[in-house]
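Engineer: Handing over structure-v3.pdb, PDB, C-alpha atoms.
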```pdb
MODEL        1
ATOM      1  CA  MET A   1     -24.666  -5.702 -72.640
ATOM      2  CA  THR A   2     -25.426  -4.489 -69.113
ATOM      3  CA  GLU A   3     -23.014  -1.984 -67.664
ATOM      4  CA  GLN A   4     -21.498  -3.135 -64.389
ATOM      5  CA  THR A   5     -20.627  -0.682 -61.652
ATOM      6  CA  ALA A   6     -18.817  -0.995 -58.389
ATOM      7  CA  PRO A   7     -20.877  -1.473 -55.231
ATOM      8  CA  ASP A   8     -21.390   1.495 -52.955
ATOM      9  CA  THR A   9     -18.191   2.054 -51.022
ATOM     10  CA  ALA A  10     -16.932   4.780 -48.732
ATOM     11  CA  ARG A  11     -13.472   5.749 -47.632
ATOM     12  CA  PRO A  12     -12.001   8.546 -45.555
ATOM     13  CA  ASP A  13      -9.774  10.971 -47.449
ATOM     14  CA  GLY A  14      -6.619  12.479 -46.046
ATOM     15  CA  ALA A  15      -8.546  14.883 -43.819
ATOM     16  CA  GLY A  16     -10.874  12.215 -42.438
ATOM     17  CA  ARG A  17     -13.877  13.179 -44.590
ATOM     18  CA  ARG A  18     -15.718  10.355 -46.301
ATOM     19  CA  GLU A  19     -16.080   9.787 -50.011
ATOM     20  CA  GLY A  20     -18.006   7.043 -51.750
ATOM     21  CA  ALA A  21     -19.150   5.996 -55.202
ATOM     22  CA  GLY A  22     -21.522   3.362 -56.504
ATOM     23  CA  VAL A  23     -25.082   2.686 -57.585
ATOM     24  CA  ARG A  24     -27.456   4.157 -55.022
ATOM     25  CA  ALA A  25     -31.229   4.403 -55.425
ATOM     26  CA  GLY A  26     -30.851   3.368 -59.067
ATOM     27  CA  LEU A  27     -28.261   5.938 -60.165
ATOM     28  CA  PHE A  28     -24.484   5.906 -60.012
ATOM     29  CA  THR A  29     -23.765   8.369 -57.216
ATOM     30  CA  ARG A  30     -20.666   9.999 -55.774
ATOM     31  CA  SER A  31     -20.996  11.075 -52.164
ATOM     32  CA  PHE A  32     -18.815  13.388 -50.101
ATOM     33  CA  GLY A  33     -18.911  14.363 -46.446
ATOM     34  CA  PRO A  34     -21.265  13.019 -43.758
ATOM     35  CA  PRO A  35     -24.251  10.844 -44.663
ATOM     36  CA  PRO A  36     -27.598  12.512 -45.452
ATOM     37  CA  GLY A  37     -29.562  13.437 -42.351
ATOM     38  CA  ALA A  38     -26.447  14.030 -40.232
ATOM     39  CA  GLY A  39     -27.606  17.554 -39.457
ATOM     40  CA  GLY A  40     -25.738  19.676 -41.992
ATOM     41  CA  THR A  41     -26.685  21.039 -45.374
ATOM     42  CA  THR A  42     -27.337  18.523 -48.146
ATOM     43  CA  VAL A  43     -26.172  19.632 -51.589
ATOM     44  CA  VAL A  44     -27.130  17.806 -54.789
ATOM     45  CA  LEU A  45     -25.012  18.564 -57.876
ATOM     46  CA  VAL A  46     -26.501  17.988 -61.342
ATOM     47  CA  HIS A  47     -24.218  17.642 -64.377
ATOM     48  CA  GLY A  48     -24.643  18.869 -67.944
ATOM     49  CA  LEU A  49     -25.299  17.307 -71.339
ATOM     50  CA  GLY A  50     -23.809  13.839 -71.895
ATOM     51  CA  LEU A  51     -21.461  14.150 -68.931
ATOM     52  CA  SER A  52     -21.125  12.557 -65.501
ATOM     53  CA  GLY A  53     -20.780  14.045 -62.046
ATOM     54  CA  ARG A  54     -16.979  13.603 -62.084
ATOM     55  CA  TYR A  55     -16.283  17.203 -63.050
ATOM     56  CA  PHE A  56     -17.977  18.339 -59.835
ATOM     57  CA  THR A  57     -15.368  16.602 -57.655
ATOM     58  CA  PRO A  58     -13.287  19.739 -56.832
ATOM     59  CA  LEU A  59     -16.414  21.657 -55.779
ATOM     60  CA  ALA A  60     -17.894  18.681 -53.908
ATOM     61  CA  ARG A  61     -14.735  18.193 -51.874
ATOM     62  CA  ARG A  62     -14.567  21.880 -51.061
ATOM     63  CA  LEU A  63     -18.205  21.934 -49.847
ATOM     64  CA  ALA A  64     -17.768  18.709 -47.865
ATOM     65  CA  ALA A  65     -14.701  20.180 -46.146
ATOM     66  CA  ASN A  66     -17.041  22.611 -44.381
ATOM     67  CA  GLY A  67     -19.465  19.912 -43.263
ATOM     68  CA  ALA A  68     -21.952  19.673 -46.140
ATOM     69  CA  THR A  69     -23.305  16.353 -47.370
ATOM     70  CA  VAL A  70     -22.746  16.369 -51.131
ATOM     71  CA  LEU A  71     -24.477  13.896 -53.469
ATOM     72  CA  VAL A  72     -23.511  13.814 -57.154
ATOM     73  CA  PRO A  73     -25.520  11.453 -59.388
ATOM     74  CA  ASP A  74     -24.984  10.558 -63.013
ATOM     75  CA  LEU A  75     -28.378  11.304 -64.577
ATOM     76  CA  PRO A  76     -30.279   8.341 -66.061
ATOM     77  CA  GLY A  77     -28.896   7.329 -69.458
ATOM     78  CA  ASN A  78     -25.624   9.193 -68.926
ATOM     79  CA  ALA A  79     -22.105   7.834 -68.300
ATOM     80  CA  ARG A  80     -22.178   5.347 -65.375
ATOM     81  CA  SER A  81     -25.965   5.572 -65.108
ATOM     82  CA  ARG A  82     -26.310   4.579 -68.758
ATOM     83  CA  ALA A  83     -27.994   1.309 -67.810
ATOM     84  CA  ALA A  84     -30.567   3.128 -65.651
ATOM     85  CA  ALA A  85     -32.568   4.127 -68.746
ATOM     86  CA  ARG A  86     -33.314   2.136 -71.895
ATOM     87  CA  ARG A  87     -33.489   5.409 -73.843
ATOM     88  CA  MET A  88     -32.608   8.985 -73.000
ATOM     89  CA  PRO A  89     -35.402  10.603 -70.984
ATOM     90  CA  ASP A  90     -36.580  14.096 -71.819
ATOM     91  CA  VAL A  91     -35.947  16.943 -69.361
ATOM     92  CA  GLU A  92     -39.094  16.478 -67.274
ATOM     93  CA  ARG A  93     -38.709  12.682 -67.073
ATOM     94  CA  ALA A  94     -35.093  13.155 -66.009
ATOM     95  CA  ALA A  95     -36.290  15.589 -63.327
ATOM     96  CA  ASP A  96     -38.851  13.071 -62.069
ATOM     97  CA  ALA A  97     -36.225  10.297 -61.966
ATOM     98  CA  LEU A  98     -33.880  12.585 -60.054
ATOM     99  CA  ALA A  99     -36.686  13.396 -57.602
ATOM    100  CA  ARG A 100     -37.286   9.680 -56.926
ATOM    101  CA  TRP A 101     -33.564   9.183 -56.348
ATOM    102  CA  HIS A 102     -33.507  12.227 -54.042
ATOM    103  CA  ARG A 103     -36.381  10.983 -51.872
ATOM    104  CA  ARG A 104     -34.731   7.599 -51.364
ATOM    105  CA  LEU A 105     -31.386   9.061 -50.294
ATOM    106  CA  SER A 106     -32.369  12.359 -48.664
ATOM    107  CA  PRO A 107     -36.097  12.863 -48.062
ATOM    108  CA  GLY A 108     -35.595  16.397 -46.739
ATOM    109  CA  PRO A 109     -35.047  19.438 -48.974
ATOM    110  CA  SER A 110     -31.574  20.143 -50.345
ATOM    111  CA  LEU A 111     -29.658  22.895 -52.029
ATOM    112  CA  LEU A 112     -29.808  21.860 -55.684
ATOM    113  CA  ALA A 113     -26.937  23.109 -57.866
ATOM    114  CA  ALA A 114     -26.725  22.367 -61.588
ATOM    115  CA  ASN A 115     -24.473  23.212 -64.513
ATOM    116  CA  SER A 116     -25.269  23.929 -68.165
ATOM    117  CA  VAL A 117     -28.130  21.785 -69.539
ATOM    118  CA  GLY A 118     -28.451  20.259 -66.064
ATOM    119  CA  CYS A 119     -29.998  23.609 -65.091
ATOM    120  CA  GLN A 120     -33.030  22.715 -67.194
ATOM    121  CA  VAL A 121     -33.450  19.466 -65.253
ATOM    122  CA  ALA A 122     -32.986  21.309 -61.949
ATOM    123  CA  ALA A 123     -35.541  23.983 -62.849
ATOM    124  CA  ALA A 124     -38.081  21.328 -63.847
ATOM    125  CA  LEU A 125     -37.473  19.442 -60.593
ATOM    126  CA  ALA A 126     -37.852  22.628 -58.519
ATOM    127  CA  VAL A 127     -41.260  23.259 -60.113
ATOM    128  CA  ARG A 128     -42.551  19.678 -60.205
ATOM    129  CA  HIS A 129     -41.185  18.668 -56.774
ATOM    130  CA  PRO A 130     -40.797  21.936 -54.826
ATOM    131  CA  ARG A 131     -40.565  20.297 -51.392
ATOM    132  CA  LEU A 132     -37.223  18.766 -52.347
ATOM    133  CA  VAL A 133     -35.521  22.092 -53.127
ATOM    134  CA  ARG A 134     -34.603  24.517 -50.361
ATOM    135  CA  ARG A 135     -32.440  26.709 -52.613
ATOM    136  CA  LEU A 136     -31.401  26.549 -56.246
ATOM    137  CA  VAL A 137     -28.043  27.392 -57.835
ATOM    138  CA  LEU A 138     -27.766  27.518 -61.629
ATOM    139  CA  LEU A 139     -24.184  27.445 -62.940
ATOM    140  CA  GLY A 140     -24.073  28.725 -66.509
ATOM    141  CA  PRO A 141     -27.530  27.603 -67.691
ATOM    142  CA  ALA A 142     -27.054  26.778 -71.358
ATOM    143  CA  LEU A 143     -29.291  26.539 -74.420
ATOM    144  CA  GLU A 144     -30.518  30.095 -74.523
ATOM    145  CA  PRO A 145     -34.034  30.165 -76.028
ATOM    146  CA  GLY A 146     -34.108  31.352 -79.624
ATOM    147  CA  VAL A 147     -30.538  30.247 -80.359
ATOM    148  CA  SER A 148     -30.124  27.441 -82.903
ATOM    149  CA  GLY A 149     -28.472  24.115 -82.110
ATOM    150  CA  LEU A 150     -25.713  24.879 -84.627
ATOM    151  CA  ARG A 151     -24.913  28.179 -82.928
ATOM    152  CA  HIS A 152     -24.887  26.458 -79.537
ATOM    153  CA  CYS A 153     -22.317  23.986 -80.895
ATOM    154  CA  GLY A 154     -20.194  26.916 -82.078
ATOM    155  CA  ARG A 155     -20.364  28.439 -78.604
ATOM    156  CA  LEU A 156     -19.290  25.116 -77.082
ATOM    157  CA  LEU A 157     -16.272  24.894 -79.384
ATOM    158  CA  ALA A 158     -15.327  28.479 -78.510
ATOM    159  CA  ASP A 159     -15.491  27.682 -74.794
ATOM    160  CA  ALA A 160     -13.304  24.551 -74.892
ATOM    161  CA  PRO A 161      -9.911  26.370 -75.094
ATOM    162  CA  ARG A 162     -10.908  28.424 -72.042
ATOM    163  CA  GLU A 163     -11.388  25.368 -69.833
ATOM    164  CA  PRO A 164      -8.661  23.459 -67.908
ATOM    165  CA  LEU A 165      -7.152  20.476 -69.733
ATOM    166  CA  SER A 166      -8.234  18.272 -66.825
ATOM    167  CA  LEU A 167     -11.875  19.078 -67.587
ATOM    168  CA  LEU A 168     -11.493  18.314 -71.285
ATOM    169  CA  GLY A 169     -10.124  14.864 -70.467
ATOM    170  CA  VAL A 170     -13.026  14.105 -68.127
ATOM    171  CA  ALA A 171     -15.560  15.355 -70.669
ATOM    172  CA  ALA A 172     -14.099  13.265 -73.508
ATOM    173  CA  THR A 173     -14.300  10.082 -71.424
ATOM    174  CA  ASP A 174     -17.843  10.828 -70.284
ATOM    175  CA  TYR A 175     -19.048  11.517 -73.828
ATOM    176  CA  LEU A 176     -17.663   8.139 -74.905
ATOM    177  CA  LEU A 177     -19.415   6.394 -71.998
ATOM    178  CA  THR A 178     -22.726   8.067 -72.781
ATOM    179  CA  GLY A 179     -22.337   7.437 -76.513
ATOM    180  CA  PRO A 180     -23.068   9.638 -79.536
ATOM    181  CA  LEU A 181     -26.633   8.424 -80.109
ATOM    182  CA  ARG A 182     -27.698   9.119 -76.546
ATOM    183  CA  PHE A 183     -25.863  12.429 -76.571
ATOM    184  CA  ALA A 184     -27.770  13.442 -79.720
ATOM    185  CA  ALA A 185     -31.100  12.342 -78.223
ATOM    186  CA  SER A 186     -30.407  14.273 -75.038
ATOM    187  CA  LEU A 187     -29.508  17.372 -77.057
ATOM    188  CA  ARG A 188     -32.792  17.149 -78.986
ATOM    189  CA  HIS A 189     -34.744  16.927 -75.732
ATOM    190  CA  ALA A 190     -32.829  19.856 -74.244
ATOM    191  CA  LEU A 191     -33.317  22.063 -77.321
ATOM    192  CA  ARG A 192     -37.050  21.311 -77.281
ATOM    193  CA  ASP A 193     -37.236  22.193 -73.585
ATOM    194  CA  ALA A 194     -35.257  25.416 -74.115
ATOM    195  CA  ALA A 195     -37.628  26.474 -76.889
ATOM    196  CA  GLY A 196     -40.708  25.733 -74.799
ATOM    197  CA  ALA A 197     -40.796  24.932 -71.112
ATOM    198  CA  PHE A 198     -37.502  26.235 -69.676
ATOM    199  CA  GLU A 199     -38.425  29.909 -69.253
ATOM    200  CA  GLY A 200     -41.828  28.919 -67.878
ATOM    201  CA  HIS A 201     -40.174  26.650 -65.321
ATOM    202  CA  LEU A 202     -37.834  29.448 -64.232
ATOM    203  CA  ALA A 203     -40.779  31.801 -63.729
ATOM    204  CA  ARG A 204     -42.464  29.240 -61.456
ATOM    205  CA  VAL A 205     -39.467  28.390 -59.248
ATOM    206  CA  ALA A 206     -40.434  29.193 -55.657
ATOM    207  CA  ALA A 207     -37.001  28.621 -54.104
ATOM    208  CA  PRO A 208     -34.482  31.467 -53.799
ATOM    209  CA  THR A 209     -32.155  31.116 -56.779
ATOM    210  CA  LEU A 210     -28.576  32.150 -57.485
ATOM    211  CA  VAL A 211     -27.395  32.171 -61.119
ATOM    212  CA  ILE A 212     -23.594  31.949 -61.441
ATOM    213  CA  ARG A 213     -21.718  32.598 -64.675
ATOM    214  CA  GLY A 214     -18.021  32.397 -65.457
ATOM    215  CA  ALA A 215     -17.126  35.818 -66.837
ATOM    216  CA  GLY A 216     -15.458  34.172 -69.862
ATOM    217  CA  ASP A 217     -18.354  31.808 -70.624
ATOM    218  CA  THR A 218     -19.086  31.757 -74.375
ATOM    219  CA  ILE A 219     -22.046  29.355 -74.003
ATOM    220  CA  ALA A 220     -24.242  31.199 -71.485
ATOM    221  CA  SER A 221     -24.192  34.866 -72.457
ATOM    222  CA  HIS A 222     -24.183  37.719 -69.947
ATOM    223  CA  THR A 223     -27.533  38.961 -71.307
ATOM    224  CA  TRP A 224     -29.193  35.540 -71.060
ATOM    225  CA  ILE A 225     -27.951  34.913 -67.523
ATOM    226  CA  ARG A 226     -29.371  38.230 -66.309
ATOM    227  CA  HIS A 227     -32.649  37.486 -68.060
ATOM    228  CA  ALA A 228     -32.822  34.018 -66.483
ATOM    229  CA  ALA A 229     -32.230  35.477 -63.017
ATOM    230  CA  ARG A 230     -34.968  38.064 -63.544
ATOM    231  CA  LEU A 231     -37.431  35.350 -64.572
ATOM    232  CA  VAL A 232     -37.158  33.680 -61.167
ATOM    233  CA  PRO A 233     -39.317  35.497 -58.587
ATOM    234  CA  ASP A 234     -36.461  35.435 -56.051
ATOM    235  CA  GLY A 235     -33.401  35.300 -58.310
ATOM    236  CA  ARG A 236     -30.089  37.082 -58.665
ATOM    237  CA  ALA A 237     -26.993  36.710 -60.838
ATOM    238  CA  VAL A 238     -23.260  36.929 -60.218
ATOM    239  CA  ASP A 239     -20.135  36.532 -62.400
ATOM    240  CA  VAL A 240     -16.971  34.620 -61.488
ATOM    241  CA  PRO A 241     -13.913  36.429 -62.926
ATOM    242  CA  GLY A 242     -11.348  34.302 -64.748
ATOM    243  CA  ALA A 243     -13.698  31.332 -65.247
ATOM    244  CA  ALA A 244     -15.526  30.016 -68.306
ATOM    245  CA  HIS A 245     -18.572  27.731 -68.616
ATOM    246  CA  ALA A 246     -17.488  25.190 -65.978
ATOM    247  CA  ALA A 247     -16.700  27.719 -63.242
ATOM    248  CA  HIS A 248     -17.326  25.060 -60.593
ATOM    249  CA  HIS A 249     -14.362  23.073 -61.967
ATOM    250  CA  SER A 250     -11.887  25.867 -62.703
ATOM    251  CA  ALA A 251     -12.759  28.063 -59.692
ATOM    252  CA  PRO A 252     -14.179  25.678 -57.049
ATOM    253  CA  GLU A 253     -13.084  27.845 -54.110
ATOM    254  CA  VAL A 254     -14.937  30.886 -55.428
ATOM    255  CA  VAL A 255     -18.060  28.950 -56.379
ATOM    256  CA  ALA A 256     -18.106  27.096 -53.043
ATOM    257  CA  ARG A 257     -17.869  30.384 -51.175
ATOM    258  CA  LEU A 258     -20.766  31.812 -53.170
ATOM    259  CA  ILE A 259     -22.866  28.716 -52.441
ATOM    260  CA  GLU A 260     -21.996  28.757 -48.736
ATOM    261  CA  GLU A 261     -22.850  32.447 -48.426
ATOM    262  CA  PHE A 262     -26.111  31.823 -50.258
ATOM    263  CA  THR A 263     -26.886  28.901 -47.932
ATOM    264  CA  ALA A 264     -26.074  31.005 -44.855
ATOM    265  CA  GLU A 265     -28.656  33.575 -45.940
ATOM    266  CA  GLY A 266     -31.295  30.870 -45.764
ATOM    267  CA  THR A 267     -30.092  29.812 -42.307
ATOM    268  CA  GLU A 268     -30.272  33.397 -41.064
ATOM    269  CA  GLU A 269     -33.790  33.778 -42.475
ATOM    270  CA  THR A 270     -34.913  30.564 -40.768
ATOM    271  CA  GLU A 271     -33.458  31.681 -37.439
ATOM    272  CA  THR A 272     -35.150  35.088 -37.765
ATOM    273  CA  GLU A 273     -38.508  33.489 -38.560
ATOM    274  CA  ALA A 274     -38.151  31.155 -35.569
ATOM    275  CA  ALA A 275     -37.312  34.067 -33.266
ATOM    276  CA  GLU A 276     -40.282  36.059 -34.547
ATOM    277  CA  ALA A 277     -42.588  33.080 -34.055
ATOM    278  CA  GLU A 278     -41.308  32.599 -30.511
ATOM    279  CA  GLU A 279     -41.813  36.298 -29.719
ATOM    280  CA  THR A 280     -45.333  36.185 -31.150
ATOM    281  CA  GLY A 281     -46.094  33.197 -28.962
ATOM    282  CA  LYS A 282     -44.875  34.995 -25.850
ATOM    283  CA  THR A 283     -46.991  38.043 -26.731
ATOM    284  CA  GLY A 284     -50.030  35.841 -27.160
ATOM    285  CA  GLU A 285     -49.442  34.236 -23.774
ATOM    286  CA  LYS A 286     -49.268  37.641 -22.090
ATOM    287  CA  ALA A 287     -52.484  38.734 -23.759
TER     288      ALA A 287
ENDMDL
END
```
Using the file provided, produce a representation of the structure as structure tokens.
Structural biologist:
Amino acid sequence: MTEQTAPDTARPDGAGRREGAGVRAGLFTRSFGPPPGAGGTTVVLVHGLGLSGRYFTPLARRLAANGATVLVPDLPGNARSRAAARRMPDVERAADALARWHRRLSPGPSLLAANSVGCQVAAALAVRHPRLVRRLVLLGPALEPGVSGLRHCGRLLADAPREPLSLLGVAATDYLLTGPLRFAASLRHALRDAAGAFEGHLARVAAPTLVIRGAGDTIASHTWIRHAARLVPDGRAVDVPGAAHAAHHSAPEVVARLIEEFTAEGTEETETEAAEAEETGKTGEKA
């Protein structure tokens, strides 16, 4: 049976910002704020294992409120993009599919932010398609190398009571939409990537990278997060007090502020480089 989804629609919210949802460029996509190419920052949010982009809604709305274009796809094979893949793709194939989707909707580079196992997809995309990623934000990258699948499941169960009830309801629905067989296949792919390619991808990421961890996260340990940030040539790590694994859902204001400050650093660097180039040109003319 083919899953049917609503056509792409858009509506203004109470503050006049636009929100839409529907199949775009082959993947079910939620969009917030102005359309891509309107002149502001484009942010792409990548969900975790077996989920959909719904749990990013609080963060997406907060970023869009300050003028960002925010695009939130369901990855192929997951939730409302279940029909986009006949079988669950591995991490690198998911990254390639996300890159194709990205080019069709927003050909310019974006700030790519991912949560949990989605961080593995984001890291692979940043390495395989570097021109699409201006900056990278990893929110609680999960599946620490060297940790067994059983122990990861224990960490997930320990984290659940620390998350808002609203998130647990969203996650339960998304897991049902994705289905247990596809969830299991995706987990196998992710564990294989964590044991092999993930650290190598992090070490080859060229984009400036911010690693964010909820201080109460039982899935992504403090030690692993710091190690992951050190692997990236231009990486740093920060904790969000009072949040667990899904800090973007429980503390969207804090996470949005961190992302906006991180984005502003890139804007300042670009402006400085432009000024230096202009000054160099003037010097050359005088010579």
Engineer: So how many Å separate atom CA of A:Val232 and atom CA of A:Leu112, to one decimal?
Structural biologist: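 We find that atom CA of A:Val232 and atom CA of A:Leu112 lie 15.0 Å from each other.
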Engineer: What is the distance between atom CA of A:Thr57 and atom CA of A:Leu165, in Å to one decimal?
Structural biologist: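 Atom CA of A:Thr57 sits 15.1 Å away from atom CA of A:Leu165.
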Engineer: Give me, as JSON lines, each residue of stretch 130-195 of chain A that comes within 8 Å of stretch 85-99 of chain A, together with its shortest interatomic pair and the distance in Å at one decimal, counting only C-alpha atoms, with rows ordered by chain and rising residue number.
Structural biologist:
```
{"residue": "A:Leu132", "atom": "CA", "partner": "A:Ala99", "partner_atom": "CA", "distance": 7.5}
{"residue": "A:Arg182", "atom": "CA", "partner": "A:Met88", "partner_atom": "CA", "distance": 6.1}
{"residue": "A:Ala185", "atom": "CA", "partner": "A:Met88", "partner_atom": "CA", "distance": 6.4}
{"residue": "A:Ser186", "atom": "CA", "partner": "A:Met88", "partner_atom": "CA", "distance": 6.1}
{"residue": "A:His189", "atom": "CA", "partner": "A:Asp90", "partner_atom": "CA", "distance": 5.2}
{"residue": "A:Ala190", "atom": "CA", "partner": "A:Val91", "partner_atom": "CA", "distance": 6.5}
{"residue": "A:Asp193", "atom": "CA", "partner": "A:Val91", "partner_atom": "CA", "distance": 6.9}
```
Engineer: Print the selection's residues with C-alpha atoms to a file, as a compact mmCIF listing (two decimals), in the coordinates of the input.
Structural biologist:
```txt
# COMPACT_ATOMS: atom_id res chain seq x y z
CA LEU A 132 -37.22 18.77 -52.35
CA ARG A 182 -27.70 9.12 -76.55
CA ALA A 185 -31.10 12.34 -78.22
CA SER A 186 -30.41 14.27 -75.04
CA HIS A 189 -34.74 16.93 -75.73
CA ALA A 190 -32.83 19.86 -74.24
CA ASP A 193 -37.24 22.19 -73.58
```
Engineer: Tell me which of A:Val137, A:Ala79, A:Ile219, A:Ala65 sits closest to A:Val238, counting only C-alpha atoms.
Structural biologist: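 Of the candidates, the smallest distance to A:Val238 is held by A:Val137.
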Engineer: Evaluate the PyMOL selection byres ((chain A and resi 205-218) around 6) and record the selected residues as a PDB file with C-alpha atoms, in the coordinates of the input, following the chain and residue labels used in the document.
Structural biologist:
```pdb
ATOM      1  CA  VAL A 127     -41.260  23.259 -60.113  1.00  0.00           C
ATOM      2  CA  ARG A 135     -32.440  26.709 -52.613  1.00  0.00           C
ATOM      3  CA  LEU A 136     -31.401  26.549 -56.246  1.00  0.00           C
ATOM      4  CA  VAL A 137     -28.043  27.392 -57.835  1.00  0.00           C
ATOM      5  CA  LEU A 138     -27.766  27.518 -61.629  1.00  0.00           C
ATOM      6  CA  LEU A 139     -24.184  27.445 -62.940  1.00  0.00           C
ATOM      7  CA  GLY A 140     -24.073  28.725 -66.509  1.00  0.00           C
ATOM      8  CA  ARG A 155     -20.364  28.439 -78.604  1.00  0.00           C
ATOM      9  CA  ASP A 159     -15.491  27.682 -74.794  1.00  0.00           C
ATOM     10  CA  LEU A 202     -37.834  29.448 -64.232  1.00  0.00           C
ATOM     11  CA  ALA A 203     -40.779  31.801 -63.729  1.00  0.00           C
ATOM     12  CA  ARG A 204     -42.464  29.240 -61.456  1.00  0.00           C
ATOM     13  CA  ILE A 219     -22.046  29.355 -74.003  1.00  0.00           C
ATOM     14  CA  ALA A 220     -24.242  31.199 -71.485  1.00  0.00           C
ATOM     15  CA  ASP A 234     -36.461  35.435 -56.051  1.00  0.00           C
ATOM     16  CA  GLY A 235     -33.401  35.300 -58.310  1.00  0.00           C
ATOM     17  CA  ARG A 236     -30.089  37.082 -58.665  1.00  0.00           C
ATOM     18  CA  ALA A 237     -26.993  36.710 -60.838  1.00  0.00           C
ATOM     19  CA  VAL A 238     -23.260  36.929 -60.218  1.00  0.00           C
ATOM     20  CA  ASP A 239     -20.135  36.532 -62.400  1.00  0.00           C
ATOM     21  CA  VAL A 240     -16.971  34.620 -61.488  1.00  0.00           C
ATOM     22  CA  PRO A 241     -13.913  36.429 -62.926  1.00  0.00           C
ATOM     23  CA  ALA A 243     -13.698  31.332 -65.247  1.00  0.00           C
ATOM     24  CA  ALA A 244     -15.526  30.016 -68.306  1.00  0.00           C
ATOM     25  CA  HIS A 245     -18.572  27.731 -68.616  1.00  0.00           C
ATOM     26  CA  ALA A 247     -16.700  27.719 -63.242  1.00  0.00           C
TER      27      ALA A 247
END
```
Engineer: For atom CA of A:Leu231 and atom CA of A:Ser148, quote the distance in Å rounded to one decimal.
Structural biologist: 21.3 Å
Engineer: For A:Phe28, which residue among A:Leu187, A:Leu51, A:Ala228, A:Leu75 is the nearest when counting all atoms listed in the file?
Structural biologist: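 Looking at the shortest contact to A:Phe28, the residue is A:Leu75.
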Engineer: What do you get, as a PDB file with C-alpha atoms, in the frame of the given file, if you spell out every residue that the PyMOL selection byres ((chain A and resi 175) around 10) selects here?
Structural biologist:
```pdb
ATOM      1  CA  LEU A  49     -25.299  17.307 -71.339  1.00  0.00           C
ATOM      2  CA  GLY A  50     -23.809  13.839 -71.895  1.00  0.00           C
ATOM      3  CA  LEU A  51     -21.461  14.150 -68.931  1.00  0.00           C
ATOM      4  CA  SER A  52     -21.125  12.557 -65.501  1.00  0.00           C
ATOM      5  CA  ASN A  78     -25.624   9.193 -68.926  1.00  0.00           C
ATOM      6  CA  ALA A  79     -22.105   7.834 -68.300  1.00  0.00           C
ATOM      7  CA  VAL A 170     -13.026  14.105 -68.127  1.00  0.00           C
ATOM      8  CA  ALA A 171     -15.560  15.355 -70.669  1.00  0.00           C
ATOM      9  CA  ALA A 172     -14.099  13.265 -73.508  1.00  0.00           C
ATOM     10  CA  THR A 173     -14.300  10.082 -71.424  1.00  0.00           C
ATOM     11  CA  ASP A 174     -17.843  10.828 -70.284  1.00  0.00           C
ATOM     12  CA  LEU A 176     -17.663   8.139 -74.905  1.00  0.00           C
ATOM     13  CA  LEU A 177     -19.415   6.394 -71.998  1.00  0.00           C
ATOM     14  CA  THR A 178     -22.726   8.067 -72.781  1.00  0.00           C
ATOM     15  CA  GLY A 179     -22.337   7.437 -76.513  1.00  0.00           C
ATOM     16  CA  PRO A 180     -23.068   9.638 -79.536  1.00  0.00           C
ATOM     17  CA  ARG A 182     -27.698   9.119 -76.546  1.00  0.00           C
ATOM     18  CA  PHE A 183     -25.863  12.429 -76.571  1.00  0.00           C
TER      19      PHE A 183
END
```
Engineer: Extending 5 Å beyond the listed atoms of stretch 187-203 of chain A on each side, what axis-aligned box results? I want centre and edge lengths in Å to one decimal, as JSON.
Structural biologist:
```
{"center_x": -35.7, "center_y": 24.4, "center_z": -71.4, "size_x": 22.3, "size_y": 24.9, "size_z": 25.3}
```
Engineer: If the PyMOL selection byres ((chain A and resi 26) around 12) were run on this exact file, what residues would it hold? Put them as an MDAnalysis selection string.
Structural biologist: chainID A and resid 5 7:8 22:25 27:29 73:77 80:85 97:105
Engineer: Which residues, written as an MDAnalysis selection string, have at least one atom at most 12 Å from A:Pro34, with all atoms listed in the file counted and residues fewer than 2 positions away on the same chain left out?
Structural biologist: chainID A and resid 10:12 16:20 31:32 36:43 61 63:71
Engineer: Return the single residue from A:Val44, A:Gly196, A:Leu191, A:Arg54 that is closest to A:Val147, with distances computed using only C-alpha atoms.
Structural biologist: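 Nearest to A:Val147: A:Leu191.
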Engineer: Around the point (-24.2, 28.2, -54.3) (coordinates from the file), which residues reach within 8 Å if we count only C-alpha atoms? Answer as a PDB file with C-alpha atoms, keeping the file's coordinate frame.
Structural biologist:
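Dumped everything to result-v6.pdb:
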```
ATOM      1  CA  LEU A 111     -29.658  22.895 -52.029  1.00  0.00           C
ATOM      2  CA  ALA A 113     -26.937  23.109 -57.866  1.00  0.00           C
ATOM      3  CA  LEU A 136     -31.401  26.549 -56.246  1.00  0.00           C
ATOM      4  CA  VAL A 137     -28.043  27.392 -57.835  1.00  0.00           C
ATOM      5  CA  LEU A 210     -28.576  32.150 -57.485  1.00  0.00           C
ATOM      6  CA  VAL A 255     -18.060  28.950 -56.379  1.00  0.00           C
ATOM      7  CA  ALA A 256     -18.106  27.096 -53.043  1.00  0.00           C
ATOM      8  CA  ARG A 257     -17.869  30.384 -51.175  1.00  0.00           C
ATOM      9  CA  LEU A 258     -20.766  31.812 -53.170  1.00  0.00           C
ATOM     10  CA  ILE A 259     -22.866  28.716 -52.441  1.00  0.00           C
ATOM     11  CA  GLU A 260     -21.996  28.757 -48.736  1.00  0.00           C
ATOM     12  CA  GLU A 261     -22.850  32.447 -48.426  1.00  0.00           C
ATOM     13  CA  PHE A 262     -26.111  31.823 -50.258  1.00  0.00           C
ATOM     14  CA  THR A 263     -26.886  28.901 -47.932  1.00  0.00           C
TER      15      THR A 263
END
```
Engineer: My list of candidates is A:Cys153, A:Ala197, A:Ala142, A:Ala246. Which is closest to A:Trp224 when distances are computed with all atoms listed in the file?
Structural biologist: A:Ala142
